[in-house]
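File shown: work-v2.cif (mmCIF, C-alpha atoms).
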data_my_file
#
loop_
_atom_site.label_atom_id
_atom_site.label_comp_id
_atom_site.auth_asym_id
_atom_site.auth_seq_id
_atom_site.Cartn_x
_atom_site.Cartn_y
_atom_site.Cartn_z
CA MET A 3 224.87 115.74 312.69
CA ALA A 4 225.85 119.39 312.84
CA HIS A 5 227.49 119.97 316.19
CA GLU A 6 227.61 123.13 318.17
CA HIS A 7 231.10 123.56 319.59
CA LYS A 8 231.78 125.33 322.83
CA LEU A 9 234.84 127.36 322.08
CA GLU A 10 236.08 128.49 325.47
CA ILE A 11 238.50 126.83 327.86
CA PHE A 12 239.71 127.76 331.38
CA ARG A 13 236.13 128.66 332.37
CA GLY A 14 235.78 131.27 329.66
CA LEU A 15 239.18 132.86 330.23
CA LEU A 16 240.32 131.88 326.76
CA LYS A 17 237.92 132.01 323.83
CA PHE A 18 238.76 130.67 320.40
CA LYS A 19 237.34 131.77 317.09
CA SER A 20 236.99 128.31 315.58
CA ASN A 21 237.11 124.67 316.64
CA THR A 22 240.40 124.16 314.77
CA GLN A 23 241.96 127.03 316.66
CA LYS A 24 240.76 125.57 319.96
CA ILE A 25 242.37 122.21 319.11
CA TRP A 26 245.76 123.86 318.55
CA GLY A 27 245.32 125.89 321.72
CA VAL A 28 244.70 122.74 323.74
CA LEU A 29 247.72 121.06 322.12
CA ILE A 30 249.95 123.95 323.21
CA PHE A 31 248.57 123.76 326.74
CA LEU A 32 249.08 119.95 326.96
CA SER A 33 252.64 120.27 325.60
CA ILE A 34 253.47 122.89 328.21
CA VAL A 35 252.12 120.65 330.99
CA THR A 36 254.17 117.67 329.70
CA ALA A 37 257.29 119.85 329.47
CA VAL A 38 256.79 121.00 333.06
CA GLU A 39 256.40 117.37 334.18
CA VAL A 40 259.57 116.27 332.43
CA ALA A 41 261.54 119.27 333.71
CA LEU A 42 260.42 118.54 337.29
CA GLY A 43 261.17 114.84 336.84
CA ILE A 44 264.72 115.53 335.69
CA THR A 45 265.65 118.31 338.12
CA LYS A 46 263.73 116.93 341.13
CA PRO A 47 263.78 120.14 343.22
CA GLU A 48 264.90 119.58 346.81
CA PHE A 49 261.91 121.21 348.53
CA LEU A 50 259.48 119.07 346.54
CA THR A 51 261.12 115.74 347.29
CA ALA A 52 261.82 116.50 350.97
CA ASN A 53 258.31 117.56 351.90
CA TYR A 54 255.48 115.10 352.28
CA LEU A 55 251.72 115.47 352.08
CA VAL A 56 249.55 112.58 353.32
CA GLY A 57 252.46 110.14 353.09
CA MET A 58 253.52 111.06 349.56
CA LYS A 59 256.21 113.39 348.25
CA LEU A 60 254.96 116.80 347.15
CA LEU A 61 256.57 116.18 343.74
CA ASN A 62 254.46 113.05 343.20
CA TRP A 63 251.31 114.94 344.11
CA ILE A 64 252.18 117.55 341.51
CA PHE A 65 252.68 114.82 338.89
CA ILE A 66 249.31 113.25 339.69
CA VAL A 67 247.46 116.57 339.66
CA LEU A 68 249.06 117.56 336.33
CA THR A 69 248.09 114.15 334.91
CA LEU A 70 244.47 114.68 335.89
CA VAL A 71 244.60 118.16 334.31
CA LYS A 72 245.87 116.62 331.07
CA ALA A 73 243.24 113.87 331.23
CA TYR A 74 240.54 116.53 331.69
CA TYR A 75 241.54 118.42 328.56
CA ILE A 76 241.95 115.27 326.47
CA ALA A 77 238.48 114.07 327.48
CA TRP A 78 236.78 117.46 327.32
CA ASP A 79 238.24 118.85 324.12
CA PHE A 80 239.67 115.94 322.10
CA MET A 81 236.88 113.52 322.97
CA HIS A 82 234.53 116.55 322.87
CA LEU A 83 232.79 115.70 326.14
CA ARG A 84 232.41 119.47 326.49
CA ASP A 85 229.88 119.40 323.66
CA GLU A 86 227.92 116.40 324.93
CA LYS A 87 224.84 116.57 327.13
CA SER A 88 225.65 116.79 330.82
CA ALA A 89 223.83 113.51 331.58
CA LEU A 90 226.09 111.57 329.20
CA ARG A 91 229.17 113.38 330.47
CA ARG A 92 228.40 112.63 334.10
CA ALA A 93 227.61 108.97 333.42
CA ILE A 94 230.92 108.56 331.61
CA VAL A 95 233.07 110.47 334.06
CA TRP A 96 231.77 109.77 337.54
CA THR A 97 231.22 106.00 337.19
CA PRO A 98 234.90 105.14 336.64
CA ILE A 99 236.09 107.83 339.05
CA PHE A 100 234.01 106.33 341.85
CA LEU A 101 235.09 102.74 341.13
CA VAL A 102 238.75 103.62 340.69
CA CYS A 103 238.88 105.65 343.92
CA TYR A 104 237.40 102.69 345.74
CA LEU A 105 239.93 100.30 344.18
CA ILE A 106 242.86 102.60 345.00
CA PHE A 107 241.67 102.91 348.57
CA ILE A 108 241.41 99.17 349.26
CA LEU A 109 244.49 98.01 347.37
CA LEU A 110 246.90 100.63 348.65
CA PHE A 111 245.83 100.15 352.26
CA GLU A 112 246.21 96.40 351.86
CA ALA A 113 249.65 96.86 350.28
CA ASP A 114 250.77 99.05 353.15
CA TYR A 115 249.62 96.41 355.58
CA ILE A 116 251.63 93.72 353.76
CA TYR A 117 254.63 96.05 353.75
CA ASN A 118 254.42 96.25 357.53
CA VAL A 119 254.07 92.49 357.84
CA PHE A 120 257.24 92.05 355.75
CA LYS A 121 259.00 94.69 357.80
CA GLU A 122 258.01 93.73 361.32
CA GLY A 123 256.87 90.13 361.05
CA TYR A 124 259.27 87.24 361.41
CA LEU A 125 259.60 86.76 357.72
CA ALA A 126 262.85 86.95 355.80
CA TRP A 127 262.55 88.00 352.19
CA ASN A 128 265.33 90.52 351.65
CA PHE A 129 268.38 88.24 351.62
CA MET B 27 220.39 107.17 313.41
CA ASP B 28 218.06 105.07 311.27
CA ALA B 29 215.66 102.71 312.97
CA THR B 30 215.95 99.17 311.64
CA VAL B 31 212.25 98.40 311.93
CA THR B 32 209.69 100.82 310.65
CA THR B 33 206.46 100.80 312.63
CA GLY B 34 205.35 104.31 312.01
CA THR B 35 205.84 105.33 315.63
CA GLU B 36 209.53 106.26 315.51
CA GLY B 37 209.05 109.87 316.29
CA SER B 38 206.93 109.34 319.39
CA VAL B 39 208.19 108.69 322.90
CA TRP B 40 207.09 105.05 323.08
CA GLY B 41 208.54 104.35 319.66
CA GLY B 42 212.01 105.24 320.90
CA GLY B 43 211.81 108.78 319.67
CA ASN B 44 213.34 110.18 322.84
CA ARG B 45 217.09 110.71 322.73
CA PRO B 46 217.91 111.79 326.26
CA LEU B 47 221.68 111.62 325.73
CA GLY B 48 221.64 113.18 322.29
CA ALA B 49 224.18 110.73 320.93
CA SER B 50 223.84 108.01 318.33
CA TYR B 51 223.83 104.30 319.12
CA GLY B 52 227.35 103.80 317.76
CA LYS B 53 228.83 106.60 319.80
CA LEU B 54 227.15 105.41 322.97
CA MET B 55 228.48 101.89 322.45
CA MET B 56 231.97 103.27 321.87
CA TRP B 57 231.67 105.11 325.17
CA PHE B 58 230.49 101.91 326.87
CA PHE B 59 233.59 100.15 325.60
CA ILE B 60 235.88 103.02 326.59
CA VAL B 61 234.54 103.15 330.15
CA SER B 62 234.96 99.40 330.62
CA ASP B 63 238.42 99.45 329.05
CA ALA B 64 239.35 102.36 331.31
CA LEU B 65 238.39 100.20 334.28
CA THR B 66 240.60 97.37 332.97
CA PHE B 67 243.58 99.70 332.69
CA SER B 68 242.83 101.15 336.13
CA GLY B 69 242.90 97.61 337.49
CA PHE B 70 246.38 97.09 336.04
CA LEU B 71 247.74 100.41 337.21
CA VAL B 72 246.32 100.04 340.70
CA SER B 73 247.75 96.53 341.03
CA TYR B 74 251.09 98.03 339.98
CA GLY B 75 250.58 100.50 342.85
CA PHE B 76 249.74 97.59 345.14
CA SER B 77 253.02 95.80 344.38
CA ARG B 78 254.95 99.01 344.62
CA PHE B 79 253.54 99.94 348.03
CA LYS B 80 254.23 96.40 349.18
CA PHE B 81 257.91 96.79 348.30
CA ILE B 82 258.11 100.55 348.65
CA GLU B 83 261.65 100.50 350.06
CA THR B 84 263.18 98.38 347.33
CA TRP B 85 261.25 99.35 344.18
CA PRO B 86 263.42 100.29 341.15
CA ILE B 87 263.79 103.99 340.35
CA ALA B 88 262.39 104.53 336.84
CA ASP B 89 264.88 107.33 336.06
CA GLU B 90 267.71 104.83 336.40
CA VAL B 91 266.01 102.18 334.29
CA PHE B 92 264.90 104.11 331.22
CA THR B 93 267.94 106.20 330.38
CA HIS B 94 268.51 105.62 326.69
CA VAL B 95 267.71 107.57 323.57
CA PRO B 96 268.16 105.96 320.14
CA PHE B 97 271.34 106.99 318.27
CA PHE B 98 272.75 108.71 321.37
CA HIS B 99 275.11 107.40 323.99
CA GLY B 100 274.92 108.47 327.57
CA ASN B 101 272.46 108.97 330.34
CA TYR B 102 269.29 110.77 329.29
CA PRO B 103 266.46 109.79 331.63
CA MET B 104 262.93 110.37 330.39
CA TYR B 105 263.64 112.41 327.26
CA TYR B 106 262.63 109.59 324.96
CA VAL B 107 259.41 108.80 326.84
CA ALA B 108 258.55 112.49 326.80
CA PHE B 109 259.08 112.43 323.04
CA MET B 110 256.76 109.40 322.76
CA THR B 111 254.11 111.21 324.82
CA PHE B 112 254.39 114.21 322.55
CA ILE B 113 254.04 112.04 319.42
CA LEU B 114 250.89 110.45 320.79
CA ILE B 115 249.33 113.78 321.80
CA MET B 116 250.26 115.12 318.36
CA SER B 117 248.52 112.21 316.61
CA SER B 118 245.52 112.85 318.85
CA VAL B 119 245.48 116.41 317.54
CA THR B 120 245.53 115.33 313.90
CA MET B 121 242.70 112.96 314.78
CA VAL B 122 240.50 115.77 316.16
CA LEU B 123 241.34 117.80 313.10
CA ALA B 124 240.17 114.87 310.96
CA VAL B 125 236.90 114.68 312.93
CA ASP B 126 236.48 118.44 312.58
CA ALA B 127 237.09 118.29 308.81
CA GLY B 128 234.62 115.39 308.68
CA HIS B 129 231.92 117.54 310.24
CA ARG B 130 232.47 120.05 307.49
CA MET B 131 232.45 117.26 304.84
CA MET B 132 235.91 118.03 303.52
CA GLN B 133 237.04 114.64 302.23
CA LYS B 134 240.54 115.70 301.14
CA LYS B 135 241.37 117.16 304.55
CA VAL B 136 240.06 114.11 306.40
CA ILE B 137 242.30 111.90 304.24
CA LEU B 138 245.37 114.02 305.05
CA TYR B 139 244.73 114.17 308.79
CA MET B 140 243.91 110.47 309.06
CA PHE B 141 247.16 109.72 307.25
CA LEU B 142 249.14 111.83 309.72
CA THR B 143 247.36 110.12 312.62
CA ILE B 144 248.36 106.69 311.31
CA ILE B 145 251.99 107.83 310.92
CA GLY B 146 252.02 109.14 314.50
CA GLY B 147 250.63 105.87 315.81
CA ALA B 148 253.21 103.87 313.87
CA ILE B 149 256.07 106.00 315.26
CA PHE B 150 254.73 105.44 318.77
CA VAL B 151 254.46 101.65 318.41
CA GLY B 152 257.97 101.56 316.93
CA SER B 153 259.33 103.58 319.84
CA GLN B 154 257.68 101.25 322.28
CA ALA B 155 259.24 98.24 320.56
CA TRP B 156 262.61 99.94 320.88
CA GLU B 157 262.00 100.60 324.58
CA TRP B 158 261.17 96.95 325.09
CA ALA B 159 264.26 95.79 323.22
CA THR B 160 266.50 98.08 325.29
CA PHE B 161 264.88 96.96 328.51
CA ILE B 162 265.20 93.26 327.63
CA LYS B 163 268.81 93.63 326.51
CA GLY B 164 269.82 95.29 329.77
CA ASP B 165 272.41 97.82 330.72
CA TYR B 166 275.10 97.01 333.28
CA GLY B 167 274.26 93.47 334.39
CA ALA B 168 273.84 92.35 337.99
CA LEU B 169 273.93 89.37 340.34
CA GLU B 170 270.91 87.71 341.85
CA THR B 171 271.02 86.33 345.38
CA LYS B 172 269.43 83.21 346.77
CA GLY B 173 266.50 85.30 348.03
CA GLY B 174 265.91 86.70 344.56
CA ARG B 175 267.35 90.14 345.39
CA ILE B 176 269.51 92.03 342.90
CA LEU B 177 273.08 93.19 343.57
CA GLN B 178 274.30 95.94 341.25
CA PHE B 179 277.80 97.40 341.11
CA VAL B 180 279.17 100.88 341.58
CA ASN B 181 282.62 102.32 340.98
CA ALA B 182 283.75 103.64 344.39
CA GLU B 183 285.85 106.46 342.88
CA THR B 184 283.42 107.94 340.39
CA GLY B 185 280.21 106.86 342.11
CA GLU B 186 278.90 105.72 338.75
CA ARG B 187 277.40 102.35 337.91
CA ALA B 188 279.89 99.69 336.89
CA ALA B 189 279.09 97.16 334.21
CA LEU B 190 280.01 93.51 334.70
CA ALA B 191 282.43 93.78 331.77
CA ASP B 192 284.36 96.50 333.65
CA PHE B 193 285.69 94.16 336.29
CA ALA B 194 284.78 90.54 335.58
CA LYS B 195 287.72 88.21 335.01
CA THR B 196 287.90 85.77 332.17
CA LEU B 197 288.53 82.38 333.69
CA PRO B 198 289.70 79.36 331.72
CA GLU B 199 286.44 77.52 332.15
CA ALA B 200 284.20 76.10 329.52
CA ARG B 201 280.56 76.86 330.11
CA VAL B 202 278.11 75.63 327.50
CA LYS B 203 274.57 76.84 327.19
CA HIS B 204 272.24 74.12 328.39
CA GLU B 205 269.92 73.19 325.57
CA LYS B 206 266.74 71.24 325.74
CA ASN B 207 267.86 68.28 323.64
CA GLN B 208 270.43 67.51 326.36
CA GLY B 209 268.21 67.81 329.38
CA ILE B 210 265.67 65.69 331.10
CA TRP B 211 262.15 67.01 330.57
CA TYR B 212 263.37 69.33 327.83
CA GLN B 213 264.55 71.99 330.23
CA GLU B 214 266.74 74.67 328.74
CA GLU B 215 268.38 77.94 329.65
CA GLY B 216 266.76 81.07 328.29
CA TYR B 217 269.99 82.84 327.52
CA LYS B 218 273.65 82.52 328.37
CA THR B 219 275.12 85.49 330.21
CA SER B 220 278.37 86.99 328.96
CA PHE B 221 280.13 86.12 332.25
CA SER B 222 279.71 83.23 334.62
CA LEU B 223 279.07 83.75 338.34
CA ASN B 224 282.61 82.60 339.16
CA GLU B 225 284.10 85.12 336.75
CA VAL B 226 282.13 88.01 338.24
CA VAL B 227 282.91 87.01 341.83
CA ALA B 228 286.62 86.51 341.09
CA GLY B 229 286.76 89.85 339.27
CA PHE B 230 284.96 91.56 342.13
CA LYS B 231 287.43 90.20 344.70
CA ALA B 232 290.36 91.33 342.58
CA THR B 233 289.05 94.89 342.03
CA PRO B 234 288.98 96.80 345.33
CA ASN B 235 287.26 99.94 344.00
CA ILE B 236 284.01 98.19 343.06
CA LEU B 237 281.16 98.22 345.59
CA VAL B 238 277.78 96.49 345.75
CA ARG B 239 274.61 98.52 345.42
CA THR B 240 271.50 96.93 346.93
CA GLU B 241 267.84 97.49 346.08
CA THR B 242 267.09 99.26 349.36
CA ILE B 243 266.28 102.95 348.97
CA ASN B 244 267.86 105.18 351.63
CA GLU B 245 266.54 108.41 353.13
CA GLU B 246 267.91 110.55 350.29
CA GLY B 247 265.78 108.51 347.89
CA GLU B 248 268.81 106.75 346.40
CA LYS B 249 269.81 103.11 346.33
CA THR B 250 272.08 102.03 349.21
CA VAL B 251 275.76 101.42 348.39
CA LEU B 252 277.50 99.01 350.75
CA ASN B 253 281.10 99.39 351.92
CA ARG B 254 283.77 96.97 350.74
CA GLN B 255 283.44 94.66 353.77
CA GLU B 256 279.66 94.35 353.49
CA SER B 257 279.94 94.00 349.74
CA LEU B 258 282.22 91.01 350.04
CA SER B 259 279.91 89.22 352.46
CA ARG B 260 276.88 90.09 350.33
CA ILE B 261 278.41 88.78 347.13
CA ALA B 262 278.92 85.38 348.72
CA GLN B 263 275.13 84.98 348.67
CA ALA B 264 274.88 85.46 344.92
CA THR B 265 273.58 82.50 342.95
CA GLN B 266 273.52 83.69 339.36
CA VAL B 267 274.32 86.42 336.86
CA VAL B 268 271.45 88.46 335.42
CA GLU B 269 271.69 90.54 332.27
CA GLY B 270 268.63 92.41 331.09
CA ALA B 271 265.09 91.70 332.09
CA ASN B 272 262.48 89.08 331.39
CA LEU B 273 259.46 87.79 333.28
CA ILE B 274 261.57 85.78 335.73
CA HIS B 275 264.78 87.75 336.23
CA ASN B 276 265.33 91.49 336.18
CA GLU B 277 268.69 93.17 336.53
CA TYR B 278 267.07 96.52 337.40
CA GLY B 279 265.61 95.27 340.68
CA SER B 280 262.27 93.81 341.64
CA ARG B 281 261.09 91.32 339.04
CA LEU B 282 257.52 92.52 339.56
CA PHE B 283 258.64 95.82 338.03
CA ALA B 284 259.59 94.04 334.81
CA ASP B 285 256.40 91.98 334.84
CA PHE B 286 254.21 95.05 335.17
CA PHE B 287 256.28 96.92 332.60
CA PHE B 288 255.76 94.18 330.02
CA PHE B 289 252.13 93.74 330.91
CA ILE B 290 250.93 97.33 331.10
CA THR B 291 252.97 98.88 328.29
CA GLY B 292 252.35 95.72 326.27
CA PHE B 293 248.61 95.96 326.72
CA HIS B 294 248.72 99.64 325.89
CA GLY B 295 250.97 99.02 322.88
CA PHE B 296 248.50 96.42 321.64
CA HIS B 297 245.75 99.02 321.91
CA VAL B 298 247.82 101.46 319.86
CA PHE B 299 248.53 98.76 317.31
CA SER B 300 244.87 97.81 316.93
CA GLY B 301 244.06 101.53 316.82
CA VAL B 302 246.43 101.94 313.88
CA VAL B 303 244.83 98.97 312.11
CA ILE B 304 241.32 100.38 312.62
CA ASN B 305 242.53 103.80 311.50
CA ILE B 306 243.92 102.27 308.30
CA ILE B 307 240.58 100.59 307.55
CA ILE B 308 238.72 103.88 308.08
CA PHE B 309 241.38 105.67 306.03
CA PHE B 310 240.67 103.47 303.02
CA ASN B 311 236.93 103.90 303.53
CA ILE B 312 237.40 107.66 303.40
CA ILE B 313 239.42 107.42 300.19
CA LEU B 314 236.75 105.19 298.65
CA GLY B 315 234.18 107.84 299.57
CA THR B 316 232.05 105.58 301.77
CA TYR B 317 231.27 108.35 304.24
CA GLU B 318 230.77 110.91 301.50
CA ARG B 319 227.97 108.68 300.16
CA ARG B 320 226.65 108.00 303.66
CA GLY B 321 226.33 111.72 304.17
CA HIS B 322 228.25 111.98 307.43
CA TYR B 323 231.65 111.16 308.91
CA GLU B 324 230.47 109.78 312.23
CA MET B 325 232.66 106.68 311.81
CA VAL B 326 235.75 108.90 311.94
CA GLU B 327 234.41 110.40 315.14
CA LYS B 328 233.96 106.94 316.68
CA VAL B 329 237.48 105.69 315.92
CA GLY B 330 238.60 109.12 317.03
CA LEU B 331 237.12 108.48 320.46
CA TYR B 332 239.04 105.22 320.69
CA TRP B 333 242.25 106.88 319.54
CA HIS B 334 241.99 109.64 322.13
CA PHE B 335 241.28 107.06 324.77
CA VAL B 336 244.57 105.32 323.94
CA ASP B 337 246.29 108.70 324.34
CA LEU B 338 244.48 109.24 327.65
CA VAL B 339 245.69 105.89 328.99
CA TRP B 340 249.25 106.70 327.97
CA VAL B 341 249.12 109.93 329.98
CA PHE B 342 248.44 107.82 333.07
CA VAL B 343 250.98 105.11 332.21
CA PHE B 344 253.59 107.84 331.67
CA THR B 345 252.91 109.31 335.10
CA PHE B 346 252.75 106.14 337.12
CA PHE B 347 255.51 104.23 335.36
CA TYR B 348 258.04 106.89 334.54
CA LEU B 349 257.45 109.96 336.70
CA VAL B 350 256.13 109.05 340.14
#
Encoded form (structure tokens):
Amino acid sequence: MAHEHKLEIFRGLLKFKSNTQKIWGVLIFLSIVTAVEVALGITKPEFLTANYLVGMKLLNWIFIVLTLVKAYYIAWDFMHLRDEKSALRRAIVWTPIFLVCYLIFILLFEADYIYNVFKEGYLAWNF
Amino acid sequence: MDATVTTGTEGSVWGGGNRPLGASYGKLMMWFFIVSDALTFSGFLVSYGFSRFKFIETWPIADEVFTHVPFFHGNYPMYYVAFMTFILIMSSVTMVLAVDAGHRMMQKKVILYMFLTIIGGAIFVGSQAWEWATFIKGDYGALETKGGRILQFVNAETGERAALADFAKTLPEARVKHEKNQGIWYQEEGYKTSFSLNEVVAGFKATPNILVRTETINEEGEKTVLNRQESLSRIAQATQVVEGANLIHNEYGSRLFADFFFFITGFHGFHVFSGVVINIIIFFNIILGTYERRGHYEMVEKVGLYWHFVDLVWVFVFTFFYLV
């Protein structure tokens, strides 16, 4: 099972000489992303917590986007999806993404509805 | 890889000779498992989101819950979890290096990298156990009201959280832990708090610079602190003292938060634990030279997939439990 490794990340911006080198490169990138997340989480910059986008703080959007970036590199380089055939990759990636988006959509809307019932309905729970 | 039945038609299309995905049976099955397990974890995390959106105005703030670092005193939110994340990513890296060395049939290197991976996993599970113990033990202590809400305490002068021990009075009352051999139907108390409700209430009335902090989050994104008058009327509704967290009571706020914490990090921790066990089995197989004789190290690649998946899940747990 000799594998061909694709040795470039960031759409060819960064090319590595060997697979080992690519692994360390990805580690450095993931560590930087985690460090940024932690730094933002501790400092909580004012303009990121005060501004909202689609009902959520800008800061939380940044966290979620950075998480998806990390997940992409873990799946693509550590789980070497980059080297698999595109049919396998798409089957693995898009199936859960579709189902999870659907689940998030229904459950969060439902939760928001219940929140409003608790808030405006004649129901005492916060006593 | 090898067909189990030989019919002489293996190479042809109708004999199963086509490999449209270009991956072996074992790897495909590992991916099947990973996708279904990913959906299980998504179910947990989304139901956490459900409960959180339901109680969006009173949900605990994770920064205030997870503030401890082993061997250090003081308030260090998130540093320890960030360290745990780094450890897990690091052990993922040694795992890929093991897979890479396996492709090049370098037994000695695979042994070394698998060993490092196991160590990383063990450190992570240990850290998680410590996190649990700290969470269960509790921090400042709080009161629970009749409606199941949590009242925490703040020092009015410094604005910092006040522990029950800072102001509770010691009253000359004897309070024995209720044990199951004394009760009807073998009921018992889980634990005995260090102060009784009367002691906390009496101490609160005698200390004017202590205020009550409710679960409600105000516009600045902080928990609401009541004034002295409101505090006194609020504390009259308290029914019991809560120290630490378990599945029924939680001094940090909403009990659902504790339930999801135990459930999600517990389920993830169990995955890490079983990952370590599987890694150890593979580790011994490598030492014994099983894969050297088999001619390929695909088994390392398969457990590798599982191990990276555990890392992948942690990235999401980290975000949704500790950051957002």
Shell of 9 Å around stretch 71-78 of chain B, all atoms listed in the file, local chain residues under 2 positions omitted, as a PDB file with C-alpha atoms, in the coordinates of the input:
ATOM      1  CA  VAL A 102     238.750 103.620 340.690  1.00  0.00           C
ATOM      2  CA  LEU A 105     239.930 100.300 344.180  1.00  0.00           C
ATOM      3  CA  ILE A 106     242.860 102.600 345.000  1.00  0.00           C
ATOM      4  CA  LEU A 109     244.490  98.010 347.370  1.00  0.00           C
ATOM      5  CA  LEU A 110     246.900 100.630 348.650  1.00  0.00           C
ATOM      6  CA  PHE A 111     245.830 100.150 352.260  1.00  0.00           C
ATOM      7  CA  GLU A 112     246.210  96.400 351.860  1.00  0.00           C
ATOM      8  CA  ALA A 113     249.650  96.860 350.280  1.00  0.00           C
ATOM      9  CA  ASP A 114     250.770  99.050 353.150  1.00  0.00           C
TER      10      ASP A 114
ATOM     11  CA  THR B  66     240.600  97.370 332.970  1.00  0.00           C
ATOM     12  CA  PHE B  67     243.580  99.700 332.690  1.00  0.00           C
ATOM     13  CA  SER B  68     242.830 101.150 336.130  1.00  0.00           C
ATOM     14  CA  GLY B  69     242.900  97.610 337.490  1.00  0.00           C
ATOM     15  CA  LYS B  80     254.230  96.400 349.180  1.00  0.00           C
ATOM     16  CA  PHE B  81     257.910  96.790 348.300  1.00  0.00           C
ATOM     17  CA  ILE B  82     258.110 100.550 348.650  1.00  0.00           C
ATOM     18  CA  GLU B  83     261.650 100.500 350.060  1.00  0.00           C
ATOM     19  CA  THR B  84     263.180  98.380 347.330  1.00  0.00           C
ATOM     20  CA  TRP B  85     261.250  99.350 344.180  1.00  0.00           C
ATOM     21  CA  LEU B 282     257.520  92.520 339.560  1.00  0.00           C
ATOM     22  CA  PHE B 283     258.640  95.820 338.030  1.00  0.00           C
ATOM     23  CA  PHE B 286     254.210  95.050 335.170  1.00  0.00           C
ATOM     24  CA  ILE B 290     250.930  97.330 331.100  1.00  0.00           C
ATOM     25  CA  PHE B 342     248.440 107.820 333.070  1.00  0.00           C
ATOM     26  CA  VAL B 343     250.980 105.110 332.210  1.00  0.00           C
ATOM     27  CA  PHE B 346     252.750 106.140 337.120  1.00  0.00           C
ATOM     28  CA  PHE B 347     255.510 104.230 335.360  1.00  0.00           C
TER      29      PHE B 347
END
Item to check | For chain B, the nearest of the candidates A:Met81, A:Cys103, A:Val119, A:Leu15, counting all atoms listed in the file | outcome: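 For chain B, the nearest of the candidates is A:Met81.
When all atoms listed in the file are used to compute distances to chain B, the closest of the residues A:Trp96, A:Tyr104, A:Ala73, A:Lys121 turns out to be A:Ala73.
Atom to atom, atom CA of B:Pro198 and atom CA of B:Val227 stand 14.4 Å apart.
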Next on the checklist: Counting all atoms listed in the file, a student should be able to say which residues of chain B come within 8 Å of chain A; what is the right answer, written as JSON, numbers by chain?
Outcome noted: {"B": [47, 48, 49, 57, 61, 64, 65, 68, 69, 72, 73, 75, 76, 77, 79, 80, 81, 82, 103, 104, 105, 108, 112, 115, 116, 118, 119, 122, 123, 126, 129, 171, 172, 173, 174, 175, 322, 330, 331, 334, 338, 341, 342, 345, 349, 350]}
